[in-house]
Amino acid sequence: MDRYNSVNNTKNDFRIAFWKLYKRNSVEKISVSELCRVAGYNRTTFYVYYDNIHDLLLRCIEEMLRPIKEHADELQLVGVPPEDKGKLAQLYLETLMINKEYVRLLIEHHQLYILEDQYKAILKPVLLRMFADAGLPTESLHYMLEYQMAAGVNVIAQWFEKQDLGEQEIIDLMVKCAMQGVGNMLNANKKAPADASQNDEAVIRQILKEMAAQKNG
């Protein structure tokens, strides 16, 4: 066996051992000694590849997203038709479904945000290229993409737990929200009272006044 395959097999053994232990304990309660015993290696071998157990968790999540990272630069989303705008949502959704056993563990341990952050870090450069000629200030573009991606990954994470809509239904809904804007969709058929805006403004001013008083008090 060549060194490349040997290293990959060793890392895979550590990943398998980690997920086994993660089913029973949080990251903080998994010791390197216990992990090495389950994986069948000594501590020295562990520290060749990882700094600590949390580092191993990050590497496990990176492995889940490796196919996306390897092919991200090949994605060409410029000029795609509206009905095809859900490609990235579909990609993320399928990633969750393929790794659903591990994703459920991340949700259980309140660490799905690590997967979400890594997914956004991989695909944000793709979107920056896609909208490079949109004529927006760089800072504004970064915030807008962060807003859209954060909304998308959180919606899909909630859908993953409930699955109360079909896969295509949730993707279509996300595309519609992105294209039309949630505010526009919610207000499309809603008629507010004539004085609603003035009333809301007065309430907000009162809340801010009370918050300022608390701060100064």
# chains A, B, ... in the order shown; residues from 1 in each chain; ligands from 1
$ residues_around --residues "Asp55 (chain A)" --least-positions-apart "5" --cutoff "12 Å" --atoms "only C-alpha atoms" --output "PyMOL selection string"
chain A and resi 14-15+18+27-28+32+46-47+49-50+60-62+114
$ write_last_selection --atoms "N, CA and C atoms" --output "compact mmCIF listing (two decimals), in the first residue's frame"
# COMPACT_ATOMS: atom_id res chain seq x y z
N PHE A 14 -9.75 7.24 12.03
CA PHE A 14 -9.99 8.23 13.09
C PHE A 14 -11.38 8.85 12.95
N ARG A 15 -11.79 9.12 11.71
CA ARG A 15 -13.12 9.70 11.51
C ARG A 15 -14.21 8.73 11.95
N PHE A 18 -14.34 8.67 15.64
CA PHE A 18 -14.93 9.90 16.18
C PHE A 18 -16.44 9.85 16.14
N VAL A 27 -18.18 16.70 22.10
CA VAL A 27 -16.76 16.80 21.77
C VAL A 27 -15.92 16.97 23.03
N GLU A 28 -16.41 17.76 23.98
CA GLU A 28 -15.66 18.05 25.20
C GLU A 28 -15.43 16.81 26.05
N VAL A 32 -8.66 11.97 23.77
CA VAL A 32 -7.77 11.45 22.73
C VAL A 32 -7.45 9.98 23.00
N PHE A 46 -2.18 10.05 16.35
CA PHE A 46 -3.28 11.04 16.33
C PHE A 46 -2.73 12.44 16.13
N TYR A 47 -1.70 12.80 16.89
CA TYR A 47 -1.19 14.16 16.84
C TYR A 47 -0.38 14.47 15.58
N TYR A 49 -1.78 14.08 12.75
CA TYR A 49 -2.80 14.59 11.84
C TYR A 49 -3.72 15.65 12.46
N TYR A 50 -3.88 15.66 13.78
CA TYR A 50 -4.86 16.55 14.40
C TYR A 50 -4.27 17.23 15.63
N CYS A 60 -13.61 16.23 9.98
CA CYS A 60 -14.70 15.34 9.59
C CYS A 60 -15.73 16.09 8.75
N ILE A 61 -16.03 17.32 9.15
CA ILE A 61 -16.99 18.13 8.41
C ILE A 61 -16.40 18.54 7.06
N GLU A 62 -15.11 18.85 7.04
CA GLU A 62 -14.46 19.16 5.77
C GLU A 62 -14.58 17.99 4.79
N ILE A 114 -21.18 24.75 12.36
CA ILE A 114 -19.82 24.54 11.82
C ILE A 114 -19.92 24.10 10.36
$ select_by_dssp --residues "region 18-171 of chain A" --states "alpha helix (DSSP H)" --output "CSV table (one decimal) with N, CA and C atoms, in the first residue's frame"
chain,number,residue,atom,x,y,z
A,18,PHE,N,-14.3,8.7,15.6
A,18,PHE,CA,-14.9,9.9,16.2
A,18,PHE,C,-16.4,9.9,16.1
A,19,TRP,N,-17.0,9.5,15.0
A,19,TRP,CA,-18.5,9.5,14.9
A,19,TRP,C,-19.1,8.5,15.8
A,20,LYS,N,-18.4,7.4,16.0
A,20,LYS,CA,-18.9,6.4,17.0
A,20,LYS,C,-19.0,7.0,18.4
A,21,LEU,N,-18.0,7.7,18.8
A,21,LEU,CA,-18.0,8.3,20.1
A,21,LEU,C,-18.9,9.5,20.2
A,22,TYR,N,-19.0,10.2,19.1
A,22,TYR,CA,-19.8,11.4,19.1
A,22,TYR,C,-21.3,11.1,19.3
A,32,VAL,N,-8.7,12.0,23.8
A,32,VAL,CA,-7.8,11.5,22.7
A,32,VAL,C,-7.4,10.0,23.0
A,33,SER,N,-7.3,9.6,24.3
A,33,SER,CA,-6.9,8.3,24.6
A,33,SER,C,-8.1,7.3,24.2
A,34,GLU,N,-9.3,7.7,24.5
A,34,GLU,CA,-10.4,6.9,24.2
A,34,GLU,C,-10.6,6.7,22.7
A,35,LEU,N,-10.4,7.9,22.0
A,35,LEU,CA,-10.5,7.9,20.5
A,35,LEU,C,-9.5,6.9,19.9
A,36,CYS,N,-8.2,7.0,20.4
A,36,CYS,CA,-7.2,6.2,19.8
A,36,CYS,C,-7.4,4.7,20.1
A,37,ARG,N,-8.0,4.4,21.3
A,37,ARG,CA,-8.3,3.0,21.6
A,37,ARG,C,-9.4,2.5,20.6
A,38,VAL,N,-10.4,3.3,20.3
A,38,VAL,CA,-11.4,2.8,19.4
A,38,VAL,C,-10.9,2.7,17.9
A,39,ALA,N,-10.0,3.7,17.6
A,39,ALA,CA,-9.5,3.7,16.2
A,39,ALA,C,-8.4,2.7,16.0
A,43,ARG,N,-1.5,7.6,20.6
A,43,ARG,CA,-1.6,9.1,20.6
A,43,ARG,C,-0.7,9.8,19.7
A,44,THR,N,0.5,9.3,19.5
A,44,THR,CA,1.5,9.9,18.7
A,44,THR,C,1.0,10.0,17.2
A,45,THR,N,0.3,8.9,16.8
A,45,THR,CA,-0.2,8.9,15.4
A,45,THR,C,-1.4,10.0,15.3
A,46,PHE,N,-2.2,10.1,16.3
A,46,PHE,CA,-3.3,11.0,16.3
A,46,PHE,C,-2.7,12.4,16.1
A,47,TYR,N,-1.7,12.8,16.9
A,47,TYR,CA,-1.2,14.2,16.8
A,47,TYR,C,-0.4,14.5,15.6
A,48,VAL,N,-0.1,13.4,14.8
A,48,VAL,CA,0.5,13.7,13.5
A,48,VAL,C,-0.5,14.4,12.6
A,49,TYR,N,-1.8,14.1,12.7
A,49,TYR,CA,-2.8,14.6,11.8
A,49,TYR,C,-3.7,15.6,12.5
A,53,ILE,N,-9.4,17.0,19.6
A,53,ILE,CA,-10.6,16.4,19.2
A,53,ILE,C,-11.5,17.4,18.4
A,54,HIS,N,-11.5,18.7,18.8
A,54,HIS,CA,-12.3,19.6,18.0
A,54,HIS,C,-11.7,19.8,16.6
A,55,ASP,N,-10.4,19.8,16.5
A,55,ASP,CA,-9.8,19.8,15.2
A,55,ASP,C,-10.2,18.6,14.3
A,56,LEU,N,-10.3,17.5,14.9
A,56,LEU,CA,-10.8,16.3,14.2
A,56,LEU,C,-12.2,16.5,13.8
A,57,LEU,N,-13.1,17.1,14.6
A,57,LEU,CA,-14.5,17.4,14.2
A,57,LEU,C,-14.5,18.2,13.0
A,58,LEU,N,-13.7,19.3,12.9
A,58,LEU,CA,-13.6,20.2,11.8
A,58,LEU,C,-13.2,19.4,10.5
A,59,ARG,N,-12.2,18.5,10.7
A,59,ARG,CA,-11.7,17.7,9.5
A,59,ARG,C,-12.8,16.8,9.0
A,60,CYS,N,-13.6,16.2,10.0
A,60,CYS,CA,-14.7,15.3,9.6
A,60,CYS,C,-15.7,16.1,8.7
A,61,ILE,N,-16.0,17.3,9.1
A,61,ILE,CA,-17.0,18.1,8.4
A,61,ILE,C,-16.4,18.5,7.1
A,62,GLU,N,-15.1,18.9,7.0
A,62,GLU,CA,-14.5,19.2,5.8
A,62,GLU,C,-14.6,18.0,4.8
A,63,GLU,N,-14.5,16.8,5.3
A,63,GLU,CA,-14.6,15.6,4.5
A,63,GLU,C,-16.0,15.5,3.9
A,64,MET,N,-17.0,15.8,4.7
A,64,MET,CA,-18.4,15.8,4.2
A,64,MET,C,-18.5,16.8,3.0
A,65,LEU,N,-17.8,17.9,3.1
A,65,LEU,CA,-18.0,18.9,2.0
A,65,LEU,C,-16.9,18.9,1.0
A,66,ARG,N,-16.0,17.9,1.0
A,66,ARG,CA,-14.9,17.8,0.1
A,66,ARG,C,-15.3,17.8,-1.4
A,67,PRO,N,-16.3,17.0,-1.8
A,67,PRO,CA,-16.7,17.1,-3.2
A,67,PRO,C,-17.1,18.5,-3.7
A,68,ILE,N,-17.8,19.2,-2.8
A,68,ILE,CA,-18.3,20.6,-3.2
A,68,ILE,C,-17.0,21.5,-3.3
A,69,LYS,N,-16.1,21.4,-2.4
A,69,LYS,CA,-14.9,22.2,-2.4
A,69,LYS,C,-14.1,21.9,-3.7
A,70,GLU,N,-13.9,20.6,-4.0
A,70,GLU,CA,-13.1,20.2,-5.1
A,70,GLU,C,-13.7,20.7,-6.5
A,71,HIS,N,-15.0,20.9,-6.5
A,71,HIS,CA,-15.6,21.3,-7.8
A,71,HIS,C,-16.2,22.7,-7.8
A,87,LYS,N,-29.8,25.8,-7.6
A,87,LYS,CA,-28.7,24.8,-7.7
A,87,LYS,C,-27.9,24.7,-6.4
A,88,LEU,N,-27.6,25.8,-5.8
A,88,LEU,CA,-26.8,25.8,-4.6
A,88,LEU,C,-27.6,25.2,-3.4
A,89,ALA,N,-28.9,25.6,-3.4
A,89,ALA,CA,-29.7,25.1,-2.3
A,89,ALA,C,-29.9,23.6,-2.5
A,90,GLN,N,-30.0,23.1,-3.7
A,90,GLN,CA,-30.2,21.7,-4.0
A,90,GLN,C,-28.9,21.0,-3.5
A,91,LEU,N,-27.8,21.6,-3.8
A,91,LEU,CA,-26.5,21.0,-3.5
A,91,LEU,C,-26.3,20.8,-2.0
A,92,TYR,N,-26.7,21.9,-1.2
A,92,TYR,CA,-26.6,21.8,0.2
A,92,TYR,C,-27.6,20.8,0.8
A,93,LEU,N,-28.8,20.8,0.3
A,93,LEU,CA,-29.8,19.9,0.7
A,93,LEU,C,-29.3,18.4,0.5
A,94,GLU,N,-28.8,18.1,-0.6
A,94,GLU,CA,-28.4,16.8,-0.9
A,94,GLU,C,-27.2,16.4,0.0
A,95,THR,N,-26.3,17.4,0.3
A,95,THR,CA,-25.2,17.1,1.2
A,95,THR,C,-25.7,16.7,2.5
A,96,LEU,N,-26.7,17.4,3.0
A,96,LEU,CA,-27.3,17.0,4.3
A,96,LEU,C,-28.0,15.6,4.3
A,97,MET,N,-28.6,15.3,3.2
A,97,MET,CA,-29.3,14.0,3.1
A,97,MET,C,-28.3,12.9,3.0
A,98,ILE,N,-27.3,13.0,2.2
A,98,ILE,CA,-26.3,12.0,2.1
A,98,ILE,C,-25.6,11.7,3.4
A,100,LYS,N,-26.9,12.3,6.4
A,100,LYS,CA,-28.0,12.6,7.4
A,100,LYS,C,-27.7,12.0,8.8
A,101,GLU,N,-27.0,10.9,8.9
A,101,GLU,CA,-26.7,10.3,10.2
A,101,GLU,C,-25.8,11.3,11.0
A,102,TYR,N,-24.8,11.8,10.3
A,102,TYR,CA,-23.8,12.7,11.0
A,102,TYR,C,-24.5,14.1,11.2
A,103,VAL,N,-25.3,14.5,10.3
A,103,VAL,CA,-25.9,15.8,10.4
A,103,VAL,C,-26.9,15.8,11.6
A,104,ARG,N,-27.5,14.8,11.9
A,104,ARG,CA,-28.4,14.7,13.0
A,104,ARG,C,-27.6,14.7,14.3
A,105,LEU,N,-26.4,14.2,14.3
A,105,LEU,CA,-25.5,14.3,15.5
A,105,LEU,C,-25.1,15.7,15.7
A,106,LEU,N,-24.8,16.4,14.6
A,106,LEU,CA,-24.4,17.8,14.7
A,106,LEU,C,-25.5,18.7,15.3
A,107,ILE,N,-26.7,18.4,14.8
A,107,ILE,CA,-27.9,19.1,15.3
A,107,ILE,C,-28.1,18.8,16.8
A,108,GLU,N,-28.0,17.5,17.2
A,108,GLU,CA,-28.2,17.1,18.6
A,108,GLU,C,-27.2,17.8,19.5
A,112,LEU,N,-24.3,22.2,14.2
A,112,LEU,CA,-24.5,22.3,12.8
A,112,LEU,C,-24.0,23.6,12.2
A,113,TYR,N,-23.9,24.6,13.0
A,113,TYR,CA,-23.3,25.9,12.5
A,113,TYR,C,-21.9,25.7,11.9
A,114,ILE,N,-21.2,24.7,12.4
A,114,ILE,CA,-19.8,24.5,11.8
A,114,ILE,C,-19.9,24.1,10.4
A,115,LEU,N,-20.8,23.2,10.1
A,115,LEU,CA,-21.1,22.7,8.7
A,115,LEU,C,-21.6,23.9,7.9
A,116,GLU,N,-22.5,24.7,8.4
A,116,GLU,CA,-23.0,25.8,7.7
A,116,GLU,C,-22.0,26.8,7.3
A,117,ASP,N,-21.1,27.1,8.3
A,117,ASP,CA,-20.0,28.1,8.1
A,117,ASP,C,-19.1,27.6,7.0
A,118,GLN,N,-18.7,26.4,7.0
A,118,GLN,CA,-17.8,25.8,6.1
A,118,GLN,C,-18.4,25.8,4.7
A,119,TYR,N,-19.7,25.5,4.6
A,119,TYR,CA,-20.4,25.5,3.3
A,119,TYR,C,-20.4,26.9,2.7
A,120,LYS,N,-20.7,27.9,3.5
A,120,LYS,CA,-20.7,29.3,3.1
A,120,LYS,C,-19.4,29.8,2.6
A,121,ALA,N,-18.3,29.4,3.4
A,121,ALA,CA,-17.0,29.8,3.0
A,121,ALA,C,-16.5,29.2,1.7
A,122,ILE,N,-17.0,28.0,1.4
A,122,ILE,CA,-16.6,27.4,0.1
A,122,ILE,C,-17.4,28.1,-1.1
A,123,LEU,N,-18.6,28.4,-0.9
A,123,LEU,CA,-19.4,28.9,-2.0
A,123,LEU,C,-19.5,30.4,-2.1
A,124,LYS,N,-19.1,31.1,-1.1
A,124,LYS,CA,-19.2,32.6,-1.2
A,124,LYS,C,-18.3,33.1,-2.3
A,125,PRO,N,-17.1,32.6,-2.5
A,125,PRO,CA,-16.3,33.1,-3.7
A,125,PRO,C,-17.0,32.9,-5.0
A,126,VAL,N,-17.7,31.8,-5.1
A,126,VAL,CA,-18.5,31.5,-6.3
A,126,VAL,C,-19.5,32.6,-6.6
A,127,LEU,N,-20.2,33.0,-5.5
A,127,LEU,CA,-21.2,34.0,-5.7
A,127,LEU,C,-20.6,35.4,-5.9
A,128,LEU,N,-19.5,35.6,-5.3
A,128,LEU,CA,-18.8,36.9,-5.5
A,128,LEU,C,-18.4,37.0,-7.0
A,129,ARG,N,-18.0,35.9,-7.6
A,129,ARG,CA,-17.7,35.9,-9.1
A,129,ARG,C,-18.9,36.2,-9.9
A,130,MET,N,-20.0,35.5,-9.4
A,130,MET,CA,-21.3,35.6,-10.2
A,130,MET,C,-21.8,37.0,-10.2
A,138,THR,N,-18.1,46.6,-2.9
A,138,THR,CA,-17.7,45.3,-2.5
A,138,THR,C,-18.2,45.0,-1.1
A,139,GLU,N,-18.2,46.0,-0.2
A,139,GLU,CA,-18.7,45.7,1.2
A,139,GLU,C,-20.1,45.4,1.2
A,140,SER,N,-20.9,46.1,0.4
A,140,SER,CA,-22.4,45.8,0.4
A,140,SER,C,-22.6,44.5,-0.2
A,141,LEU,N,-21.9,44.1,-1.2
A,141,LEU,CA,-22.1,42.8,-1.9
A,141,LEU,C,-21.8,41.7,-0.9
A,142,HIS,N,-20.7,41.8,-0.1
A,142,HIS,CA,-20.4,40.8,0.9
A,142,HIS,C,-21.5,40.6,1.9
A,143,TYR,N,-22.1,41.7,2.4
A,143,TYR,CA,-23.2,41.6,3.4
A,143,TYR,C,-24.4,41.0,2.7
A,144,MET,N,-24.7,41.4,1.5
A,144,MET,CA,-25.9,40.9,0.9
A,144,MET,C,-25.8,39.4,0.7
A,145,LEU,N,-24.7,38.9,0.2
A,145,LEU,CA,-24.5,37.5,0.0
A,145,LEU,C,-24.5,36.7,1.4
A,146,GLU,N,-23.9,37.3,2.4
A,146,GLU,CA,-24.0,36.7,3.7
A,146,GLU,C,-25.4,36.6,4.2
A,147,TYR,N,-26.2,37.6,4.0
A,147,TYR,CA,-27.6,37.6,4.3
A,147,TYR,C,-28.4,36.5,3.6
A,148,GLN,N,-28.2,36.4,2.3
A,148,GLN,CA,-28.9,35.4,1.5
A,148,GLN,C,-28.5,34.0,1.9
A,149,MET,N,-27.1,33.8,2.0
A,149,MET,CA,-26.7,32.4,2.3
A,149,MET,C,-27.0,32.0,3.7
A,150,ALA,N,-26.9,32.9,4.7
A,150,ALA,CA,-27.3,32.5,6.1
A,150,ALA,C,-28.8,32.2,6.1
A,151,ALA,N,-29.6,32.9,5.4
A,151,ALA,CA,-31.0,32.6,5.4
A,151,ALA,C,-31.3,31.2,4.8
A,152,GLY,N,-30.6,31.0,3.7
A,152,GLY,CA,-30.8,29.7,2.9
A,152,GLY,C,-30.4,28.5,3.7
A,153,VAL,N,-29.2,28.5,4.3
A,153,VAL,CA,-28.7,27.3,5.1
A,153,VAL,C,-29.5,27.1,6.3
A,154,ASN,N,-30.0,28.2,7.0
A,154,ASN,CA,-30.8,28.0,8.1
A,154,ASN,C,-32.2,27.4,7.8
A,155,VAL,N,-32.8,27.9,6.7
A,155,VAL,CA,-34.1,27.3,6.2
A,155,VAL,C,-33.9,25.9,5.9
A,156,ILE,N,-32.9,25.5,5.2
A,156,ILE,CA,-32.7,24.1,4.9
A,156,ILE,C,-32.4,23.2,6.1
A,157,ALA,N,-31.7,23.8,7.1
A,157,ALA,CA,-31.5,23.1,8.3
A,157,ALA,C,-32.8,22.8,9.1
A,158,GLN,N,-33.7,23.8,9.1
A,158,GLN,CA,-35.0,23.6,9.7
A,158,GLN,C,-35.8,22.6,8.9
A,159,TRP,N,-35.7,22.7,7.6
A,159,TRP,CA,-36.5,21.7,6.8
A,159,TRP,C,-36.0,20.3,7.0
A,160,PHE,N,-34.7,20.1,7.2
A,160,PHE,CA,-34.1,18.8,7.4
A,160,PHE,C,-34.7,18.1,8.6
A,161,GLU,N,-34.9,18.9,9.7
A,161,GLU,CA,-35.5,18.4,10.9
A,161,GLU,C,-37.0,18.0,10.7
A,162,LYS,N,-37.7,18.9,10.0
A,162,LYS,CA,-39.2,18.7,9.9
A,162,LYS,C,-39.6,17.9,8.7
A,167,GLU,N,-38.7,18.0,-1.2
A,167,GLU,CA,-37.4,18.6,-1.5
A,167,GLU,C,-37.6,19.8,-2.6
A,168,GLN,N,-38.3,19.5,-3.6
A,168,GLN,CA,-38.5,20.5,-4.7
A,168,GLN,C,-39.3,21.7,-4.2
A,169,GLU,N,-40.3,21.4,-3.3
A,169,GLU,CA,-41.1,22.5,-2.8
A,169,GLU,C,-40.3,23.5,-2.0
A,170,ILE,N,-39.4,23.0,-1.1
A,170,ILE,CA,-38.6,23.9,-0.3
A,170,ILE,C,-37.6,24.7,-1.1
A,171,ILE,N,-37.1,24.0,-2.1
A,171,ILE,CA,-36.1,24.7,-3.0
A,171,ILE,C,-36.9,25.8,-3.8
$ atom_distance --atom1 "CA of Asn52 (chain A)" --atom2 "CA of Asn12 (chain A)"
16.0 Å
$ closest_residue --among "A:Leu75, A:Thr10, A:Ala212, A:Gly86" --to "Lys176 (chain A)" --atoms "only C-alpha atoms"
A:Gly86
$ atom_distance --atom1 "CA of Ile204 (chain A)" --atom2 "CA of Ala178 (chain A)"
27.7 Å
